[in-house]
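Structure file run-v4.txt (compact mmCIF, C-alpha atoms and all ligand atoms) is printed below.
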# COMPACT_ATOMS: atom_id res chain seq x y z
CA MET A 1 -8.14 27.17 -80.18
CA LYS A 2 -8.88 24.33 -82.53
CA LEU A 3 -12.49 23.32 -82.11
CA ALA A 4 -14.52 20.40 -83.44
CA ILE A 5 -18.28 20.74 -83.60
CA LEU A 6 -19.84 17.29 -83.53
CA SER A 7 -22.94 17.44 -85.66
CA ARG A 8 -24.73 15.51 -88.35
CA ALA A 9 -26.39 18.68 -89.62
CA PRO A 10 -23.67 21.03 -90.95
CA ARG A 11 -26.31 23.21 -92.61
CA ALA A 12 -28.54 23.59 -89.56
CA TYR A 13 -28.84 27.10 -88.15
CA SER A 14 -27.26 26.22 -84.79
CA THR A 15 -24.24 24.50 -86.35
CA GLN A 16 -23.66 27.34 -88.81
CA ARG A 17 -23.93 29.97 -86.11
CA LEU A 18 -21.46 28.18 -83.82
CA ARG A 19 -19.04 27.72 -86.71
CA THR A 20 -19.35 31.37 -87.75
CA ALA A 21 -18.92 32.63 -84.19
CA ALA A 22 -15.75 30.54 -83.82
CA LEU A 23 -14.30 31.76 -87.13
CA GLU A 24 -15.13 35.38 -86.30
CA ARG A 25 -13.08 35.02 -83.14
CA GLY A 26 -10.08 33.69 -85.01
CA HIS A 27 -10.43 30.04 -83.99
CA GLN A 28 -9.91 27.02 -86.18
CA VAL A 29 -13.12 25.07 -86.45
CA LYS A 30 -14.36 21.92 -88.18
CA VAL A 31 -17.83 20.45 -88.24
CA LEU A 32 -17.41 16.69 -87.96
CA ASN A 33 -20.12 14.12 -88.52
CA THR A 34 -20.51 12.25 -85.23
CA LEU A 35 -21.22 8.97 -86.98
CA ARG A 36 -17.97 9.04 -88.98
CA PHE A 37 -15.77 8.60 -85.94
CA GLY A 38 -14.10 5.32 -85.13
CA ILE A 39 -13.35 4.72 -81.47
CA ASP A 40 -9.85 3.31 -81.40
CA LEU A 41 -9.19 1.09 -78.40
CA SER A 42 -6.22 -0.81 -79.79
CA GLY A 43 -3.30 1.43 -78.81
CA ASP A 44 -1.89 2.23 -75.35
CA ALA A 45 -3.70 5.56 -75.23
CA PRO A 46 -7.34 6.29 -76.08
CA ASP A 47 -7.64 7.51 -79.65
CA LEU A 48 -10.13 8.43 -82.35
CA GLN A 49 -10.28 7.91 -86.08
CA PHE A 50 -12.26 10.11 -88.41
CA ARG A 51 -13.34 8.77 -91.78
CA GLY A 52 -10.90 5.92 -91.28
CA ARG A 53 -7.86 8.14 -90.58
CA PRO A 54 -6.29 9.20 -87.29
CA LEU A 55 -7.90 12.36 -85.96
CA SER A 56 -5.63 15.39 -85.64
CA HIS A 57 -5.32 17.23 -82.34
CA TYR A 58 -8.24 19.32 -81.10
CA ASP A 59 -8.35 21.59 -78.05
CA ALA A 60 -12.06 21.40 -77.56
CA VAL A 61 -15.14 19.67 -78.84
CA LEU A 62 -18.69 20.99 -78.88
CA PRO A 63 -21.13 18.09 -79.07
CA ARG A 64 -24.51 18.53 -80.75
CA ILE A 65 -25.79 14.99 -80.34
CA GLY A 66 -29.21 14.31 -81.83
CA ASN A 67 -31.74 12.15 -80.04
CA SER A 68 -31.54 9.33 -82.55
CA ILE A 69 -27.83 8.70 -82.01
CA THR A 70 -27.45 9.16 -78.27
CA TYR A 71 -25.61 5.88 -77.73
CA TYR A 72 -22.96 6.30 -80.42
CA GLY A 73 -22.71 10.05 -79.93
CA THR A 74 -22.06 9.82 -76.21
CA ALA A 75 -19.47 7.09 -76.83
CA VAL A 76 -17.59 9.50 -79.13
CA VAL A 77 -17.82 12.31 -76.57
CA ARG A 78 -16.62 9.95 -73.82
CA GLN A 79 -13.60 9.07 -75.96
CA PHE A 80 -12.74 12.77 -76.35
CA GLU A 81 -12.99 13.06 -72.56
CA GLN A 82 -10.59 10.13 -72.16
CA MET A 83 -8.20 11.98 -74.46
CA ASP A 84 -8.40 15.08 -72.20
CA VAL A 85 -10.05 17.17 -74.89
CA TYR A 86 -12.30 19.80 -73.34
CA THR A 87 -16.04 19.41 -73.79
CA PRO A 88 -18.63 21.65 -72.10
CA ASN A 89 -21.10 18.77 -71.95
CA THR A 90 -19.97 15.37 -70.72
CA ALA A 91 -21.14 12.09 -72.17
CA ASN A 92 -22.79 11.36 -68.83
CA GLY A 93 -24.52 14.70 -68.76
CA ILE A 94 -25.88 14.21 -72.27
CA ALA A 95 -27.09 10.67 -71.52
CA ASN A 96 -28.68 11.70 -68.21
CA SER A 97 -30.55 14.64 -69.66
CA ARG A 98 -31.77 12.62 -72.63
CA ASP A 99 -33.84 10.28 -70.53
CA LYS A 100 -36.69 12.18 -68.86
CA LEU A 101 -36.96 9.68 -66.01
CA ARG A 102 -33.25 9.65 -65.26
CA ALA A 103 -33.10 13.44 -65.38
CA THR A 104 -36.08 13.73 -63.04
CA GLN A 105 -34.48 11.28 -60.60
CA ILE A 106 -31.23 13.21 -60.50
CA LEU A 107 -32.83 16.66 -60.21
CA SER A 108 -35.24 15.57 -57.47
CA ARG A 109 -32.34 14.19 -55.43
CA HIS A 110 -31.02 17.76 -55.33
CA GLY A 111 -34.36 19.28 -54.40
CA VAL A 112 -35.01 21.03 -57.73
CA ALA A 113 -38.72 21.90 -57.97
CA MET A 114 -40.46 19.96 -60.75
CA PRO A 115 -44.06 19.12 -61.62
CA PRO A 116 -45.12 16.14 -59.45
CA THR A 117 -44.11 13.07 -61.47
CA THR A 118 -44.41 9.31 -61.11
CA PHE A 119 -43.23 6.32 -63.03
CA VAL A 120 -44.97 2.96 -62.79
CA ARG A 121 -44.94 -0.21 -64.78
CA ASP A 122 -47.72 -2.44 -63.56
CA ARG A 123 -51.27 -1.87 -64.90
CA GLY A 124 -52.63 -2.03 -61.39
CA ASP A 125 -50.46 0.89 -60.34
CA VAL A 126 -51.57 3.30 -63.07
CA ILE A 127 -54.71 4.72 -61.45
CA PRO A 128 -53.12 5.24 -58.02
CA ALA A 129 -50.17 6.90 -59.81
CA ILE A 130 -52.43 9.36 -61.63
CA GLU A 131 -54.24 10.09 -58.38
CA SER A 132 -50.96 10.64 -56.59
CA VAL A 133 -50.04 13.51 -58.93
CA GLY A 134 -53.44 15.15 -58.50
CA GLY A 135 -55.70 13.23 -60.90
CA ALA A 136 -56.88 14.16 -64.42
CA PRO A 137 -56.16 16.15 -66.50
CA VAL A 138 -52.71 14.65 -66.47
CA VAL A 139 -49.63 14.82 -68.71
CA ILE A 140 -48.16 11.61 -70.10
CA LYS A 141 -44.62 11.64 -71.50
CA LEU A 142 -42.51 9.18 -73.39
CA LEU A 143 -39.09 8.92 -71.72
CA GLU A 144 -37.12 9.94 -74.80
CA GLY A 145 -39.49 12.29 -76.58
CA THR A 146 -38.35 15.62 -77.98
CA GLN A 147 -39.82 18.68 -79.73
CA GLY A 148 -43.11 18.02 -78.00
CA ILE A 149 -43.61 14.67 -79.70
CA GLY A 150 -44.52 12.08 -77.10
CA VAL A 151 -46.07 14.57 -74.68
CA ILE A 152 -49.83 14.05 -74.31
CA LEU A 153 -52.46 15.79 -72.21
CA ALA A 154 -55.08 13.29 -71.06
CA PRO A 155 -58.32 15.05 -70.08
CA SER A 156 -59.78 12.24 -67.99
CA MET A 157 -58.73 9.24 -65.97
CA LYS A 158 -60.26 6.86 -68.55
CA VAL A 159 -58.37 8.40 -71.47
CA ALA A 160 -55.15 8.51 -69.43
CA GLU A 161 -55.45 4.84 -68.59
CA ALA A 162 -56.12 3.91 -72.22
CA ILE A 163 -53.15 5.94 -73.49
CA ILE A 164 -50.79 4.45 -70.92
CA GLU A 165 -51.97 0.91 -71.65
CA THR A 166 -51.57 1.43 -75.40
CA LEU A 167 -48.07 2.84 -75.05
CA GLN A 168 -47.01 0.13 -72.65
CA SER A 169 -48.33 -2.57 -74.97
CA THR A 170 -45.87 -1.28 -77.58
CA LYS A 171 -43.08 -1.48 -74.96
CA GLN A 172 -42.91 2.28 -74.42
CA ASN A 173 -42.16 3.52 -70.93
CA VAL A 174 -44.04 6.61 -69.84
CA LEU A 175 -43.92 9.23 -67.12
CA ILE A 176 -47.09 10.46 -65.48
CA GLN A 177 -46.93 14.13 -64.60
CA SER A 178 -49.21 16.61 -62.97
CA TYR A 179 -50.63 19.14 -65.46
CA ILE A 180 -49.61 22.65 -64.44
CA LYS A 181 -52.63 24.45 -65.79
CA GLU A 182 -51.69 27.97 -64.68
CA SER A 183 -48.82 27.85 -67.18
CA ARG A 184 -51.52 28.02 -69.90
CA GLY A 185 -49.46 26.67 -72.78
CA ARG A 186 -46.49 28.85 -71.95
CA ASP A 187 -43.04 28.01 -70.68
CA ILE A 188 -39.62 29.54 -70.20
CA ARG A 189 -36.49 28.44 -72.01
CA ALA A 190 -33.31 29.65 -70.33
CA LEU A 191 -30.03 29.23 -72.13
CA VAL A 192 -27.33 28.44 -69.60
CA VAL A 193 -23.67 28.85 -70.52
CA GLY A 194 -21.23 28.08 -67.70
CA ASP A 195 -22.72 29.45 -64.51
CA ARG A 196 -25.09 32.05 -65.91
CA VAL A 197 -28.18 32.46 -68.04
CA VAL A 198 -27.07 34.23 -71.22
CA ALA A 199 -30.50 34.49 -72.85
CA ALA A 200 -34.07 33.58 -72.06
CA MET A 201 -37.38 33.47 -73.86
CA ARG A 202 -40.99 32.71 -73.18
CA ARG A 203 -42.63 30.28 -75.56
CA SER A 204 -46.37 30.31 -76.09
CA ALA A 205 -48.30 27.48 -77.66
CA LYS A 206 -50.37 28.00 -80.76
CA GLY A 207 -54.18 28.04 -80.41
CA ASP A 208 -55.50 25.50 -77.93
CA GLU A 209 -52.30 23.45 -78.03
CA PHE A 210 -50.70 23.07 -74.56
CA ARG A 211 -47.17 22.31 -75.78
CA SER A 212 -45.16 25.46 -76.39
CA ASN A 213 -42.39 23.86 -78.47
CA VAL A 214 -41.34 25.92 -81.49
CA HIS A 215 -41.64 22.71 -83.54
CA ARG A 216 -45.32 22.56 -82.50
CA GLY A 217 -45.94 26.06 -83.79
CA GLY A 218 -45.16 27.90 -80.55
CA SER A 219 -44.15 31.56 -80.74
CA VAL A 220 -41.26 33.13 -78.84
CA GLU A 221 -40.51 36.42 -77.11
CA ALA A 222 -37.53 37.59 -75.07
CA VAL A 223 -37.97 37.74 -71.29
CA GLU A 224 -36.01 39.19 -68.42
CA LEU A 225 -35.78 36.37 -65.86
CA SER A 226 -36.11 36.86 -62.12
CA GLU A 227 -33.21 35.82 -59.87
CA GLU A 228 -35.19 32.76 -58.85
CA PHE A 229 -35.66 31.51 -62.41
CA GLN A 230 -32.02 32.21 -63.28
CA ALA A 231 -30.70 30.41 -60.21
CA THR A 232 -32.98 27.42 -60.83
CA ALA A 233 -31.84 27.14 -64.44
CA VAL A 234 -28.14 27.38 -63.62
CA ARG A 235 -28.41 24.90 -60.76
CA SER A 236 -30.31 22.38 -62.89
CA ALA A 237 -27.69 22.54 -65.65
CA GLN A 238 -24.88 22.19 -63.11
CA ILE A 239 -26.49 19.17 -61.47
CA MET A 240 -26.87 17.49 -64.88
CA GLY A 241 -23.20 18.11 -65.69
CA LEU A 242 -23.98 20.43 -68.62
CA LYS A 243 -22.19 23.75 -69.19
CA VAL A 244 -24.26 24.50 -72.27
CA ALA A 245 -27.93 23.74 -71.75
CA GLY A 246 -31.46 24.82 -72.53
CA VAL A 247 -33.48 24.59 -69.33
CA ASP A 248 -37.27 24.46 -69.73
CA MET A 249 -39.35 25.71 -66.83
CA LEU A 250 -43.05 26.20 -66.20
CA GLU A 251 -44.22 29.34 -64.44
CA SER A 252 -46.31 27.91 -61.62
CA GLU A 253 -48.02 29.61 -58.69
CA THR A 254 -45.17 28.43 -56.49
CA GLY A 255 -42.33 29.55 -58.78
CA PRO A 256 -40.26 27.81 -61.45
CA LEU A 257 -40.86 24.10 -62.08
CA VAL A 258 -38.17 22.45 -64.18
CA MET A 259 -39.42 20.17 -66.95
CA GLU A 260 -36.24 19.29 -68.73
CA VAL A 261 -32.65 20.20 -69.42
CA ASN A 262 -31.59 20.00 -73.07
CA SER A 263 -27.96 19.25 -73.90
CA SER A 264 -28.13 20.46 -77.53
CA PRO A 265 -30.41 23.48 -77.33
CA GLY A 266 -31.45 24.99 -80.65
CA LEU A 267 -30.15 28.53 -81.19
CA GLU A 268 -32.46 29.86 -83.87
CA GLY A 269 -35.50 30.56 -81.68
CA ILE A 270 -33.56 32.09 -78.82
CA GLU A 271 -31.26 34.22 -80.99
CA SER A 272 -34.13 35.59 -83.04
CA ALA A 273 -36.25 36.28 -79.96
CA THR A 274 -33.51 37.97 -77.95
CA LYS A 275 -31.25 39.32 -80.71
CA LEU A 276 -28.33 38.15 -78.59
CA ASP A 277 -25.20 36.41 -79.84
CA VAL A 278 -25.74 33.16 -77.94
CA ALA A 279 -23.41 31.20 -80.24
CA GLY A 280 -20.66 33.72 -79.51
CA ALA A 281 -21.21 33.36 -75.76
CA ILE A 282 -20.86 29.58 -76.08
CA ILE A 283 -17.64 29.84 -78.10
CA ASP A 284 -16.15 32.39 -75.66
CA TYR A 285 -16.99 30.14 -72.74
CA VAL A 286 -15.39 27.09 -74.37
CA ASP A 287 -12.30 29.14 -75.24
CA ASN A 288 -12.06 30.20 -71.61
CA GLN A 289 -12.33 26.67 -70.24
CA VAL A 290 -10.09 24.79 -72.69
CA ALA A 291 -7.38 24.46 -70.04
CA PHE A 292 -9.77 22.46 -67.84
CA PRO A 293 -10.75 19.25 -69.57
CA GLN A 294 -13.51 17.38 -67.77
CA ILE A 295 -12.11 14.87 -65.37
CA ASP A 296 -14.29 12.08 -64.09
CA VAL A 297 -13.32 12.58 -60.46
CA ARG A 298 -14.95 9.39 -59.30
CA GLU A 299 -13.10 7.34 -61.89
CA ARG A 300 -9.73 8.96 -61.13
CA LEU A 301 -10.08 8.76 -57.36
CA ALA A 302 -11.32 5.17 -57.36
CA VAL A 303 -7.81 3.81 -57.84
CA SER A 304 -6.59 5.01 -54.40
CA THR A 305 -7.24 1.85 -52.39
CA GLY A 306 -8.62 2.49 -48.94
CA TYR A 307 -9.56 6.06 -49.74
CA GLY A 308 -12.89 7.42 -50.80
CA VAL A 309 -15.39 10.24 -50.74
CA ALA A 310 -17.96 10.48 -47.96
CA GLU A 311 -20.38 13.03 -46.64
CA LEU A 312 -19.97 13.68 -42.94
CA VAL A 313 -22.73 15.42 -41.03
CA VAL A 314 -21.33 17.53 -38.25
CA HIS A 315 -24.11 16.81 -35.74
CA GLY A 316 -23.01 13.19 -35.94
CA ASP A 317 -19.91 14.23 -34.02
CA PRO A 318 -20.60 16.74 -31.22
CA SER A 319 -16.88 16.92 -30.46
CA ILE A 320 -16.30 19.11 -33.53
CA VAL A 321 -19.32 21.47 -33.40
CA GLY A 322 -18.12 24.99 -32.64
CA LYS A 323 -14.52 24.18 -33.55
CA THR A 324 -12.74 25.57 -36.57
CA LEU A 325 -11.98 23.21 -39.42
CA GLY A 326 -8.29 23.58 -38.52
CA ASP A 327 -8.93 22.46 -34.93
CA SER A 328 -11.38 19.73 -35.86
CA GLY A 329 -8.64 17.14 -36.15
CA LEU A 330 -9.89 16.03 -39.56
CA ARG A 331 -6.66 16.87 -41.37
CA GLU A 332 -4.65 14.89 -38.81
CA ARG A 333 -6.88 11.91 -39.51
CA ASP A 334 -6.01 12.17 -43.20
CA ILE A 335 -9.39 13.65 -44.14
CA THR A 336 -9.61 16.60 -46.54
CA VAL A 337 -12.78 18.66 -46.69
CA LEU A 338 -13.67 19.38 -50.32
CA THR A 339 -16.87 21.35 -49.78
CA LEU A 340 -18.89 22.54 -46.81
CA HIS A 341 -22.67 22.56 -47.22
CA ARG A 342 -24.75 24.79 -44.98
CA GLY A 343 -28.41 24.65 -45.95
CA THR A 344 -28.39 25.43 -49.68
CA ARG A 345 -25.11 27.33 -49.44
CA VAL A 346 -21.91 25.68 -50.61
CA ILE A 347 -18.44 26.74 -49.51
CA PRO A 348 -15.89 25.15 -51.85
CA ASN A 349 -12.42 24.43 -50.45
CA PRO A 350 -13.26 25.74 -46.98
CA GLY A 351 -10.29 27.21 -45.13
CA ALA A 352 -9.00 26.22 -41.68
CA ARG A 353 -10.73 29.18 -39.99
CA HIS A 354 -14.30 28.14 -40.80
CA VAL A 355 -16.22 27.41 -37.60
CA LEU A 356 -18.33 24.28 -37.87
CA GLU A 357 -22.02 24.47 -37.05
CA ALA A 358 -24.41 21.65 -36.17
CA ASP A 359 -26.07 20.36 -39.38
CA ASP A 360 -23.13 21.37 -41.58
CA ARG A 361 -22.43 18.68 -44.12
CA LEU A 362 -18.85 18.08 -45.17
CA LEU A 363 -17.96 16.40 -48.41
CA CYS A 364 -14.68 14.73 -47.59
CA TRP A 365 -11.93 12.80 -49.27
CA GLY A 366 -9.92 10.56 -47.01
CA LYS A 367 -9.16 7.24 -45.43
CA LEU A 368 -12.37 5.26 -45.41
CA GLU A 369 -11.61 3.61 -42.06
CA GLU A 370 -11.13 7.02 -40.41
CA MET A 371 -14.33 8.40 -41.91
CA ARG A 372 -16.37 5.31 -41.08
CA GLY A 373 -16.14 6.16 -37.37
CA MET A 374 -17.74 9.51 -38.11
CA ILE A 375 -20.71 8.10 -40.00
CA PRO A 376 -22.91 6.66 -37.26
CA ALA A 377 -25.18 3.62 -37.56
CA ARG A 378 -23.26 1.77 -40.24
CA PRO A 379 -21.86 -1.73 -39.78
CA LYS A 380 -18.25 -1.53 -38.68
CA ARG A 381 -16.64 -4.52 -40.27
CA ARG A 382 -16.83 -6.05 -43.66
CA SER A 383 -18.92 -9.18 -43.01
CA ARG A 384 -17.77 -12.55 -44.26
CA VAL A 385 -19.69 -14.11 -47.13
CA LYS A 386 -21.86 -16.73 -45.48
CA LYS A 387 -22.77 -20.22 -46.64
CA LEU A 388 -26.01 -20.59 -48.60
CA PRO A 389 -28.68 -21.61 -46.05
CA LYS A 390 -30.34 -25.07 -46.21
CA ASN A 391 -33.65 -23.58 -47.40
CA PRO A 392 -32.59 -20.64 -49.59
CA ILE A 393 -36.20 -19.70 -50.37
CA LEU A 394 -38.85 -19.25 -47.71
CA GLU A 395 -42.05 -21.20 -48.26
CA PRO A 396 -44.90 -18.80 -49.18
N1 LIG B 401 -46.58 19.09 -66.66
C1 LIG B 401 -46.87 19.97 -67.61
N2 LIG B 401 -47.81 20.93 -67.41
C2 LIG B 401 -48.10 21.83 -68.39
N3 LIG B 401 -47.48 21.87 -69.58
C3 LIG B 401 -46.51 20.96 -69.84
C4 LIG B 401 -46.16 19.97 -68.86
N4 LIG B 401 -45.17 19.22 -69.38
C5 LIG B 401 -44.92 19.68 -70.62
N5 LIG B 401 -45.72 20.75 -70.92
C6 LIG B 401 -45.70 21.50 -72.19
O1 LIG B 401 -45.28 20.60 -73.22
C7 LIG B 401 -44.03 21.01 -73.80
C8 LIG B 401 -43.15 19.81 -74.11
O2 LIG B 401 -42.80 19.10 -72.92
P1 LIG B 401 -41.31 18.62 -72.62
O3 LIG B 401 -41.34 17.83 -71.36
O4 LIG B 401 -40.39 19.78 -72.65
O5 LIG B 401 -41.02 17.62 -73.82
P2 LIG B 401 -40.09 17.77 -75.12
O6 LIG B 401 -38.79 17.12 -74.77
O7 LIG B 401 -40.79 17.00 -76.19
O8 LIG B 401 -39.91 19.23 -75.41
C9 LIG B 401 -43.45 21.96 -72.77
O9 LIG B 401 -42.59 22.88 -73.40
C10 LIG B 401 -44.66 22.61 -72.14
O10 LIG B 401 -45.14 23.68 -72.93
MG MG B 402 -39.01 20.62 -74.08

I'd like the structure from this file rewritten - as structure tokens, please.
Ligand SMILES: Nc1ncnc2c1ncn2[C@@H]1O[C@H](COP(=O)(O)OP(=O)(O)O)[C@@H](O)[C@H]1O
Ligand SMILES: [Mg+2]
Amino acid sequence: MKLAILSRAPRAYSTQRLRTAALERGHQVKVLNTLRFGIDLSGDAPDLQFRGRPLSHYDAVLPRIGNSITYYGTAVVRQFEQMDVYTPNTANGIANSRDKLRATQILSRHGVAMPPTTFVRDRGDVIPAIESVGGAPVVIKLLEGTQGIGVILAPSMKVAEAIIETLQSTKQNVLIQSYIKESRGRDIRALVVGDRVVAAMRRSAKGDEFRSNVHRGGSVEAVELSEEFQATAVRSAQIMGLKVAGVDMLESETGPLVMEVNSSPGLEGIESATKLDVAGAIIDYVDNQVAFPQIDVRERLAVSTGYGVAELVVHGDPSIVGKTLGDSGLRERDITVLTLHRGTRVIPNPGARHVLEADDRLLCWGKLEEMRGMIPARPKRRSRVKKLPKNPILEP
């Protein structure tokens, strides 16, 4: 394959290792500076320029987008996606993982265990927010911090309040997070490639520091992860839309707690700790997936007027419980079942012989009008836009 590594640091260990691993496997590879791309929107098809000249054809792109250029970097990645060039990490995935609040919102929607976290804006809400995550000591995080910078442990309520007020006065948004003290300055970094953990390490903070980041002096050692930690890491990366990711987890009394999912994980620490060829695993994975460029399903499907995606819960329709999918009548109503969810299990592309159980959830693609009848307690008709009332604002 012909691969482009998007990076502004051609000499960095991770970039060099990825480049070497690609060359060793007989691929063509170029390291291209993300900021030297021009996004060409003038022609009939999406295109890219590099250093002012049309970019030649690439089969795949491996983005290593630094924190300081998220906006431009993700725009370049998105353009590659529009050109059907394979990327393991989508622009959306990178942008979502970059913002700690957004990532937490997405992961919590899918029931991934995380340290209790809140986000408030008003001064008056700060103390109740700290109390709601268990009180001091409490961890305060800047939304876009990295390498441990912008992560503070506040020992008392008073200090926490002062820190939050100071940061907010400089227009910084912060997360308030419960301090998981049993982790004792240690955390787990799992490197996910595709749907498996290819390498994992435990990081331990230096001295009385609580942040275990290598950039904060943390030391690393290889670890063998339990099934639970592996499954949590893979699921978190999948939910974020990242096929190459570094998932950070705390070892709590109740099991793994996900702190963040990194879209450009560094390779030096993990390769030296585990002595595993992580770069090679990434290149092999990309090579394997080149035929499947990322398609924004939502965007592509949105142009079929009258059709859409909906989740149907089987207990909403007792007439289909106990029937097979084939006999459920869904197909006849122009509804295709994409996935069947039973508890935490997912059955992709379920066949006609699957017997439906109460509480099954079906992710369906079909005629919206047909599906509407199966989603109870929703208004039936599109209501007309009404006239502005005489008194548009109620008196206090
Ligand atoms: N809630 C927490 N409880 C205990 N330790 C934490 C908590 N959050 C972060 N840490 C420690 O601080 C480090 C940095 O936090 P993280 O959220 O990963 O920020 P960064 O993006 O800067 O790496 C973690 O690797 C972990 O060691
Ligand atoms: Mg981290």

Residue with smallest distance to ligand LIG 401 (chain B) - pool A:Ile163, A:Ile69, A:Val197, A:Leu175, counting all atoms listed in the file | A:Leu175

Identify which of the residues A:Gly366, A:Gly343, A:Gly150, A:Gly280 lies closest to A:Arg211, counting only C-alpha atoms when measuring atom-to-atom distances.
-> A:Gly150

Kindly work out which residues sit at most 8 Å from ligand LIG 401 (chain B), using only C-alpha atoms and all ligand atoms, and give the list as an mmCIF file with C-alpha atoms, in the coordinates of the input.
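Output contents, as saved in part17.cif:
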data_model
loop_
_atom_site.group_PDB
_atom_site.id
_atom_site.type_symbol
_atom_site.label_atom_id
_atom_site.label_comp_id
_atom_site.auth_asym_id
_atom_site.auth_seq_id
_atom_site.Cartn_x
_atom_site.Cartn_y
_atom_site.Cartn_z
ATOM 1 C CA LYS A 100 -36.690 12.180 -68.860
ATOM 2 C CA PRO A 115 -44.060 19.120 -61.620
ATOM 3 C CA PRO A 116 -45.120 16.140 -59.450
ATOM 4 C CA VAL A 138 -52.710 14.650 -66.470
ATOM 5 C CA VAL A 139 -49.630 14.820 -68.710
ATOM 6 C CA LYS A 141 -44.620 11.640 -71.500
ATOM 7 C CA GLU A 144 -37.120 9.940 -74.800
ATOM 8 C CA GLY A 145 -39.490 12.290 -76.580
ATOM 9 C CA THR A 146 -38.350 15.620 -77.980
ATOM 10 C CA GLN A 147 -39.820 18.680 -79.730
ATOM 11 C CA GLY A 148 -43.110 18.020 -78.000
ATOM 12 C CA ILE A 149 -43.610 14.670 -79.700
ATOM 13 C CA GLY A 150 -44.520 12.080 -77.100
ATOM 14 C CA VAL A 151 -46.070 14.570 -74.680
ATOM 15 C CA GLN A 177 -46.930 14.130 -64.600
ATOM 16 C CA SER A 178 -49.210 16.610 -62.970
ATOM 17 C CA TYR A 179 -50.630 19.140 -65.460
ATOM 18 C CA ILE A 180 -49.610 22.650 -64.440
ATOM 19 C CA LYS A 181 -52.630 24.450 -65.790
ATOM 20 C CA SER A 183 -48.820 27.850 -67.180
ATOM 21 C CA ARG A 184 -51.520 28.020 -69.900
ATOM 22 C CA GLY A 185 -49.460 26.670 -72.780
ATOM 23 C CA ARG A 186 -46.490 28.850 -71.950
ATOM 24 C CA ASP A 187 -43.040 28.010 -70.680
ATOM 25 C CA ILE A 188 -39.620 29.540 -70.200
ATOM 26 C CA ARG A 203 -42.630 30.280 -75.560
ATOM 27 C CA SER A 204 -46.370 30.310 -76.090
ATOM 28 C CA ALA A 205 -48.300 27.480 -77.660
ATOM 29 C CA PHE A 210 -50.700 23.070 -74.560
ATOM 30 C CA ARG A 211 -47.170 22.310 -75.780
ATOM 31 C CA SER A 212 -45.160 25.460 -76.390
ATOM 32 C CA ASN A 213 -42.390 23.860 -78.470
ATOM 33 C CA ASP A 248 -37.270 24.460 -69.730
ATOM 34 C CA MET A 249 -39.350 25.710 -66.830
ATOM 35 C CA LEU A 250 -43.050 26.200 -66.200
ATOM 36 C CA MET A 259 -39.420 20.170 -66.950
ATOM 37 C CA GLU A 260 -36.240 19.290 -68.730
ATOM 38 C CA ASN A 262 -31.590 20.000 -73.070
#

Selection near A:Gln230, 9 Å with only C-alpha atoms, sequence-local residues under 6 positions removed, as a PDB file with C-alpha atoms, keeping the file's coordinate frame:
ATOM      1  CA  ALA A 190     -33.310  29.650 -70.330  1.00  0.00           C
ATOM      2  CA  VAL A 192     -27.330  28.440 -69.600  1.00  0.00           C
ATOM      3  CA  ARG A 196     -25.090  32.050 -65.910  1.00  0.00           C
ATOM      4  CA  VAL A 197     -28.180  32.460 -68.040  1.00  0.00           C
TER       5      VAL A 197
END

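Each of A:His110, A:Lys390, A:Arg361, A:Arg98 was checked against ligand MG 402 (chain B) using all atoms listed in the file; the smallest atom-to-atom distance is that of A:Arg98.
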
Pick from A:Leu167, A:Asp284, A:Ser7, A:Ala352 nearest to A:Glu24, counting only C-alpha atoms | A:Asp284

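These residues, each with an atom at most 7 Å from (-26.0, 21.2, -40.6) using only C-alpha atoms, are Val313, Val314, His315, Arg342, Gly343, Glu357, Ala358, Asp359, Asp360 and Arg361 of chain A.
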
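Taking atom CA of A:Thr70 and atom CA of A:Ala95 as endpoints, the distance between them is 6.9 Å.
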
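Each of A:Leu225, A:Leu142, A:Ile393, A:Ile295 was compared to ligand MG 402 (chain B) using all atoms listed in the file, and A:Leu142 turns out to be the nearest.
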
Enclose stretch 359-365 of chain A, meaning all of its atoms listed in the file, in a box aligned along x, y and z, pad it by 5 Å on each side, and list the centre and edge lengths in Å to one decimal, as AutoDock Vina command-line options.
--center_x -19.0 --center_y 17.1 --center_z -44.3 --size_x 24.1 --size_y 18.6 --size_z 19.9

Do you know which residues are at most 9 Å from A:Gly306 counting all atoms listed in the file, after dropping those on the same chain fewer than 5 positions away, and could you put them as JSON, numbers by chain?
-> {"A": [366, 367, 368, 369]}

Go ahead and save the picked residues with C-alpha atoms, as a PDB file, in the coordinates of the input.
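Result file follows (result_35.pdb):
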ATOM      1  CA  GLY A 366      -9.920  10.560 -47.010  1.00  0.00           C
ATOM      2  CA  LYS A 367      -9.160   7.240 -45.430  1.00  0.00           C
ATOM      3  CA  LEU A 368     -12.370   5.260 -45.410  1.00  0.00           C
ATOM      4  CA  GLU A 369     -11.610   3.610 -42.060  1.00  0.00           C
TER       5      GLU A 369
END

Which residue of A:Ser226, A:Ser264, A:Thr336, A:Gln16 approaches ligand MG 402 (chain B) most closely, using only C-alpha atoms and all ligand atoms | A:Ser264

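Between atom CA of A:Lys275 and atom CA of A:Arg17 the separation is 13.0 Å.
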
As a check of understanding: the span from atom CA of A:Glu268 to atom CA of A:Val214 is 10.0 Å

Ref. answer, residues at most 12 Å from (-29.9, 37.2, -81.2) with only C-alpha atoms, as a PyMOL selection string = chain A and resi 14+17+198-201+221-222+267-281

A:Leu107 environment, 8 Å, only C-alpha atoms, sequence neighbours closer than 5 positions dropped, as a VMD selection string | chain A and resid 112 236 239 to 240
